[in-house]
Amino acid sequence: MDRKTYPTSETVDFIVVGSGSAGGIVARELALAGNSVVIMEQGPRLDAHEFEHDELKYRQLSGITNNPATNPQTFRTDASETAQKRNSMTYARVVGGSSSHFNANFWRLHEIDFMERSVWGPVEGADLVDWPITYAELEPYYTKVEWEVGVSGLAGSSPFASFHSKPYPMPHLPIKSSGVLFERGARALGLHPFPSPMAINSVMYKGRPACVQCGLCGGFACEVKAKSSSVWTVIPEAEASGNCEVRPNSYVFQIGMNDAGRATGVHYFDGDKVEQFQNARAVVVCANGAETPKLLLNSATNSQPEGLANSSDMVGRNLMCNKGGGAAARFEQPLNEYKGANVTMMLHDFYNSDPARGFYGGGGFTARSGGPLTWGQSVPDGTPTWGPGFKDYLESYTHWMNCAGHGTSLAMPTNRIDIDPELKDAWGVPSMRVTLKDHPDDLKHAQFMVDRAVEIMDAAGAVQIEPGHVGEASGGVHLLGTCRMGDDPATSVIDKYHRTHDVKNLFLCDGSSLPTSTRGQPTHTIEALAFRAGEHIARFARLGEI
Amino acid sequence: MDLPIPSRRQFLTAVGQLASAGWITMNWPQIALAAEGTGHAGHDGAVAPSELKTLTAAEAAEVDAISNLIVPGGDTPGARDARALYFIDNSLGSFWAAQLPAFREGLTEFAAAFAASPGATSLFSTAPEAQQIAFLETVDETTFFMAVRRLTVLGMLALPKYGGNHEYAGWKLIGVENRHFWTAPFGFYDQNYAGFVPYPGTTIQTA
């Protein structure tokens, strides 16, 4: 197929910054509606055969993620500190974005997520808010994700799930040994485990093959296109419309603005680090919860000196990364967790916050596996770290699994992305500075999750259990909340249609849009929001309201 | 703000840092911060290095001796069988080249400490194994030792193209078969899995 290209001199209808979970979907919806679209992606475009089963490359050497050497960041826990050079925000830098390397564990939110402030009340030291939309409003778009992008699962299997208007289009993936043991332990405790919904094909779907169970999902891009990454799903559909160009190796560093306060396009560096400008009638930023606020803050103008769309001072604030806690467990017989999709069974019994616990927080648990290289670097307490005893431990690899808890992080305005006053990246663009510290309730909830994980693994018959250590926040891959959605322009950055309150033709849609942290697996929700945003933005364009 | 090149202590601490089992697999980005200046250019499809190019022969002998005590040989492969040394040499000459000075400084301090230890009359690498083990027990919480330990594990388990895991010896040790495609059942416990049984009161929806 000949791919459409647009000259920079042409004023396209939309520029979408970012090609990941949200960007790919928004671009598809806009292109299918007849708009001309250019997707700008920092990283390269790689075909499936170019991805490898190379755990060192992808998990240690920034194979497809932002590289500390070229994309440095600084980090501190408190605004009183001088930030130190350290990368704490991790995201994929490749066409497909983080949908390329995610685990693909796809949960819908529950009704409670959208109205938790009203139900739970305020939390001291945090800014817990309701969403400006409800589950019912988002439900059709969750369904659209499941059918358009491709999700396998068993609807109705969780007694706690919210309303599903349709089943999943594919049956759930095979339950691996970790899932069987997790289910055994959880059911013994009276809990309700269920087959995990996954954005991975369990059967041939929409021209993409079923998962080959290679075992390397999280951190890796799928080599057979079975994982429902935007690069294999919605982006080809956007391109097939004849209205969409994907422009890889294009690093947007500033949004162009005119005196009338309208976005005019984007300044970017091409693959040769040459500065370019692409004209557009409107800009949609889907760059992720760290890069989106960085771009807005680096786009300050004389009339918006504190950063674009930042009259609320909320751009970059309320950073949330999903605090969690869990346990590793060893069993008598081999599980061989290096085979099969990373997650096959989960539970939502502890999803809601419970006042009886004495703190805010909730989440889900999964039976989860990891690659051998990553596993081999850790040693349980009391196990020799070298010598014959350590070797014995290495030989036990196939007997281990993880019971992972994925939970809430409270929004706190002091947790934020802003611009480091000194550090610049390899392109000379001012780097992000991250300020991040856990709310006390997040730490308590993480320990709660560790304790529950230990119980589940014990009930499953583990012969050795290694509880996780709850440490202070040090970063993450779920980059949420930094340009929150809301009805009030004084306290939020975008409205419920993802339009910035301050710039009429500037829209944002990605993890930054989320008012709360969800409960550990946000991508399904981000993609549902993206379908909804794309539909509404296309409508605005059709009505001349941009 | 930090200097662009991290200090020796920062590097060694980062490279050698241990975390509790399981927690790493759930928090992989945080442990992917071993060092600044990482990259993988030159390794895509590369042939495993067959000779040492970074460490001197004397340095290599010391590192190899430490490494082979971290994962000793025997009936099953050890670090020497897996050529973990070649991974260490390769990494310090390519994607972690910026850390080579810090590594060398740590190795020098290690050798000096061994020479000053009771009964030491030779290099660490040529000392009797019992003496080597006794000395390592006194330094196994140092940042240098933990850096060698981590590099050894990586050298056991990273792809052979990086120099170690010779003929997948490390994977054989931990029970991993070198295949990319699998079908269920995957392990002991899912062999006879009867399938998911719905809960009372729920309604399963299927396409």
# chains A, B, ... in the order shown; residues from 1 in each chain; ligands from 1

$ residues_around --residues "region 164-170 of chain B" --least-positions-apart "6" --cutoff "9 Å" --atoms "only C-alpha atoms" --output "list of chain:residue names"
B:Ala48, B:Pro49, B:Thr76, B:Pro77, B:Gly78, B:Ala79, B:Asp81, B:Ala82, B:Arg83, B:Ala84, B:Leu85, B:Tyr86, B:Phe87, B:Ile88, B:Thr152, B:Val153, B:Leu154, B:Gly155, B:Met156, B:Leu157, B:Ala158, B:Val176, B:Glu177, B:Asn178

$ write_last_selection --atoms "C-alpha atoms" --output "mmCIF file, in the first residue's frame"
data_model
loop_
_atom_site.group_PDB
_atom_site.id
_atom_site.type_symbol
_atom_site.label_atom_id
_atom_site.label_comp_id
_atom_site.auth_asym_id
_atom_site.auth_seq_id
_atom_site.Cartn_x
_atom_site.Cartn_y
_atom_site.Cartn_z
ATOM 1 C CA ALA B 48 28.975 -13.422 19.997
ATOM 2 C CA PRO B 49 32.411 -12.020 20.738
ATOM 3 C CA THR B 76 25.427 -28.176 35.863
ATOM 4 C CA PRO B 77 26.849 -25.127 34.045
ATOM 5 C CA GLY B 78 28.505 -22.356 35.994
ATOM 6 C CA ALA B 79 29.577 -18.868 35.064
ATOM 7 C CA ASP B 81 30.908 -22.663 31.360
ATOM 8 C CA ALA B 82 28.510 -19.944 30.218
ATOM 9 C CA ARG B 83 31.414 -17.594 29.433
ATOM 10 C CA ALA B 84 29.938 -14.895 31.635
ATOM 11 C CA LEU B 85 33.319 -13.202 31.530
ATOM 12 C CA TYR B 86 32.854 -12.536 27.818
ATOM 13 C CA PHE B 87 29.565 -10.795 28.546
ATOM 14 C CA ILE B 88 31.213 -8.671 31.227
ATOM 15 C CA THR B 152 27.569 -12.437 36.045
ATOM 16 C CA VAL B 153 23.858 -13.151 36.200
ATOM 17 C CA LEU B 154 23.312 -11.091 33.062
ATOM 18 C CA GLY B 155 26.157 -13.006 31.468
ATOM 19 C CA MET B 156 24.443 -16.255 32.336
ATOM 20 C CA LEU B 157 21.005 -15.289 31.025
ATOM 21 C CA ALA B 158 21.300 -12.633 28.292
ATOM 22 C CA VAL B 176 14.515 -22.596 30.032
ATOM 23 C CA GLU B 177 14.182 -24.194 26.626
ATOM 24 C CA ASN B 178 15.310 -22.091 23.687
#

$ closest_residue --among "B:Pro72, B:Ser91, B:Ala111, B:Gln132" --to "chain A" --atoms "only C-alpha atoms"
B:Pro72

$ select_by_dssp --residues "region 60-172 of chain B" --states "alpha helix (DSSP H)" --output "ChimeraX atom specification"
/B:60-70,84-93,100-115,129-139,143-157,169-172

$ write_last_selection --atoms "C-alpha atoms" --output "PDB file, in the first residue's frame"
ATOM      1  CA  ALA B  60      39.933 -10.850  33.195  1.00  0.00           C
ATOM      2  CA  ALA B  61      41.501 -13.573  35.327  1.00  0.00           C
ATOM      3  CA  GLU B  62      40.427 -11.863  38.525  1.00  0.00           C
ATOM      4  CA  VAL B  63      36.898 -11.160  37.314  1.00  0.00           C
ATOM      5  CA  ASP B  64      36.532 -14.698  35.991  1.00  0.00           C
ATOM      6  CA  ALA B  65      37.601 -16.106  39.335  1.00  0.00           C
ATOM      7  CA  ILE B  66      35.033 -14.006  41.189  1.00  0.00           C
ATOM      8  CA  SER B  67      32.336 -14.759  38.658  1.00  0.00           C
ATOM      9  CA  ASN B  68      32.883 -18.511  38.815  1.00  0.00           C
ATOM     10  CA  LEU B  69      32.454 -18.459  42.554  1.00  0.00           C
ATOM     11  CA  ILE B  70      29.206 -16.532  42.218  1.00  0.00           C
ATOM     12  CA  ALA B  84      29.938 -14.895  31.635  1.00  0.00           C
ATOM     13  CA  LEU B  85      33.319 -13.202  31.530  1.00  0.00           C
ATOM     14  CA  TYR B  86      32.854 -12.536  27.818  1.00  0.00           C
ATOM     15  CA  PHE B  87      29.565 -10.795  28.546  1.00  0.00           C
ATOM     16  CA  ILE B  88      31.213  -8.671  31.227  1.00  0.00           C
ATOM     17  CA  ASP B  89      34.079  -7.783  28.924  1.00  0.00           C
ATOM     18  CA  ASN B  90      31.746  -7.007  26.049  1.00  0.00           C
ATOM     19  CA  SER B  91      29.340  -4.908  28.100  1.00  0.00           C
ATOM     20  CA  LEU B  92      32.127  -2.816  29.590  1.00  0.00           C
ATOM     21  CA  GLY B  93      33.518  -2.291  26.109  1.00  0.00           C
ATOM     22  CA  LEU B 100      34.684   0.878  32.717  1.00  0.00           C
ATOM     23  CA  PRO B 101      36.815   3.318  34.742  1.00  0.00           C
ATOM     24  CA  ALA B 102      34.597   2.847  37.789  1.00  0.00           C
ATOM     25  CA  PHE B 103      34.692  -0.908  37.351  1.00  0.00           C
ATOM     26  CA  ARG B 104      38.464  -0.892  37.103  1.00  0.00           C
ATOM     27  CA  GLU B 105      38.715   1.247  40.196  1.00  0.00           C
ATOM     28  CA  GLY B 106      36.549  -1.213  42.063  1.00  0.00           C
ATOM     29  CA  LEU B 107      38.620  -4.128  40.861  1.00  0.00           C
ATOM     30  CA  THR B 108      41.823  -2.429  41.988  1.00  0.00           C
ATOM     31  CA  GLU B 109      40.370  -1.860  45.434  1.00  0.00           C
ATOM     32  CA  PHE B 110      39.199  -5.476  45.554  1.00  0.00           C
ATOM     33  CA  ALA B 111      42.672  -6.750  44.681  1.00  0.00           C
ATOM     34  CA  ALA B 112      44.314  -4.479  47.227  1.00  0.00           C
ATOM     35  CA  ALA B 113      41.941  -5.608  49.933  1.00  0.00           C
ATOM     36  CA  PHE B 114      42.647  -9.242  49.120  1.00  0.00           C
ATOM     37  CA  ALA B 115      46.397  -8.660  49.165  1.00  0.00           C
ATOM     38  CA  GLU B 129      39.459 -21.801  46.543  1.00  0.00           C
ATOM     39  CA  ALA B 130      38.835 -21.976  50.269  1.00  0.00           C
ATOM     40  CA  GLN B 131      40.790 -18.772  50.721  1.00  0.00           C
ATOM     41  CA  GLN B 132      38.902 -17.121  47.859  1.00  0.00           C
ATOM     42  CA  ILE B 133      35.554 -18.040  49.369  1.00  0.00           C
ATOM     43  CA  ALA B 134      36.602 -16.868  52.808  1.00  0.00           C
ATOM     44  CA  PHE B 135      37.613 -13.506  51.382  1.00  0.00           C
ATOM     45  CA  LEU B 136      34.444 -13.090  49.306  1.00  0.00           C
ATOM     46  CA  GLU B 137      32.429 -13.630  52.450  1.00  0.00           C
ATOM     47  CA  THR B 138      34.019 -10.470  53.805  1.00  0.00           C
ATOM     48  CA  VAL B 139      33.295  -8.339  50.739  1.00  0.00           C
ATOM     49  CA  THR B 143      29.162  -2.370  45.650  1.00  0.00           C
ATOM     50  CA  PHE B 144      31.926  -3.805  43.477  1.00  0.00           C
ATOM     51  CA  PHE B 145      31.107  -7.389  44.341  1.00  0.00           C
ATOM     52  CA  MET B 146      27.422  -6.800  43.738  1.00  0.00           C
ATOM     53  CA  ALA B 147      28.253  -5.236  40.385  1.00  0.00           C
ATOM     54  CA  VAL B 148      30.235  -8.328  39.379  1.00  0.00           C
ATOM     55  CA  ARG B 149      27.409 -10.456  40.672  1.00  0.00           C
ATOM     56  CA  ARG B 150      24.815  -8.689  38.605  1.00  0.00           C
ATOM     57  CA  LEU B 151      26.969  -8.734  35.497  1.00  0.00           C
ATOM     58  CA  THR B 152      27.569 -12.437  36.045  1.00  0.00           C
ATOM     59  CA  VAL B 153      23.858 -13.151  36.200  1.00  0.00           C
ATOM     60  CA  LEU B 154      23.312 -11.091  33.062  1.00  0.00           C
ATOM     61  CA  GLY B 155      26.157 -13.006  31.468  1.00  0.00           C
ATOM     62  CA  MET B 156      24.443 -16.255  32.336  1.00  0.00           C
ATOM     63  CA  LEU B 157      21.005 -15.289  31.025  1.00  0.00           C
ATOM     64  CA  ALA B 169      24.290 -22.861  29.143  1.00  0.00           C
ATOM     65  CA  GLY B 170      22.662 -20.344  31.484  1.00  0.00           C
ATOM     66  CA  TRP B 171      19.195 -21.146  30.204  1.00  0.00           C
ATOM     67  CA  LYS B 172      19.884 -24.856  30.582  1.00  0.00           C
TER      68      LYS B 172
END

$ residues_around --residues "Asp495 (chain A)" --least-positions-apart "2" --cutoff "10 Å" --atoms "only C-alpha atoms" --output "NGL selection string"
:A and (132 or 484-489 or 492-493 or 497-501 or 507-508 or 513)

$ atom_distance --atom1 "CA of Leu423 (chain A)" --atom2 "CA of Asn249 (chain A)"
21.9 Å

$ atom_distance --atom1 "CA of Phe194 (chain A)" --atom2 "CA of Asp441 (chain A)"
27.4 Å

$ residues_around --residues "Gly461 (chain A)" --least-positions-apart "4" --cutoff "12 Å" --atoms "only C-alpha atoms" --output "PyMOL selection string"
(chain A and resi 178+180-186+188+329-333+454-457+465) or (chain B and resi 189)

$ write_last_selection --atoms "C-alpha atoms" --output "JSON list (two decimals), in the first residue's frame"
[["chain", "number", "residue", "atom", "x", "y", "z"],
["A", 178, "SER", "CA", 0.32, -19.48, 37.64],
["A", 180, "VAL", "CA", -4.39, -22.27, 38.02],
["A", 181, "LEU", "CA", -2.54, -21.83, 41.30],
["A", 182, "PHE", "CA", -3.81, -18.29, 41.75],
["A", 183, "GLU", "CA", -7.36, -19.50, 41.18],
["A", 184, "ARG", "CA", -6.84, -22.38, 43.59],
["A", 185, "GLY", "CA", -5.55, -20.13, 46.35],
["A", 186, "ALA", "CA", -8.10, -17.39, 45.83],
["A", 188, "ALA", "CA", -9.88, -21.40, 48.89],
["A", 329, "ALA", "CA", 6.02, -17.69, 45.38],
["A", 330, "ARG", "CA", 7.75, -20.99, 44.68],
["A", 331, "PHE", "CA", 5.89, -24.23, 44.17],
["A", 332, "GLU", "CA", 6.93, -27.83, 44.34],
["A", 333, "GLN", "CA", 6.49, -28.58, 40.64],
["A", 454, "VAL", "CA", 0.92, -13.68, 50.60],
["A", 455, "GLU", "CA", -2.37, -15.14, 51.77],
["A", 456, "ILE", "CA", -3.38, -16.14, 48.25],
["A", 457, "MET", "CA", -0.06, -17.81, 47.55],
["A", 465, "ILE", "CA", 6.75, -17.04, 49.64],
["B", 189, "TYR", "CA", -0.30, -27.30, 37.29]]
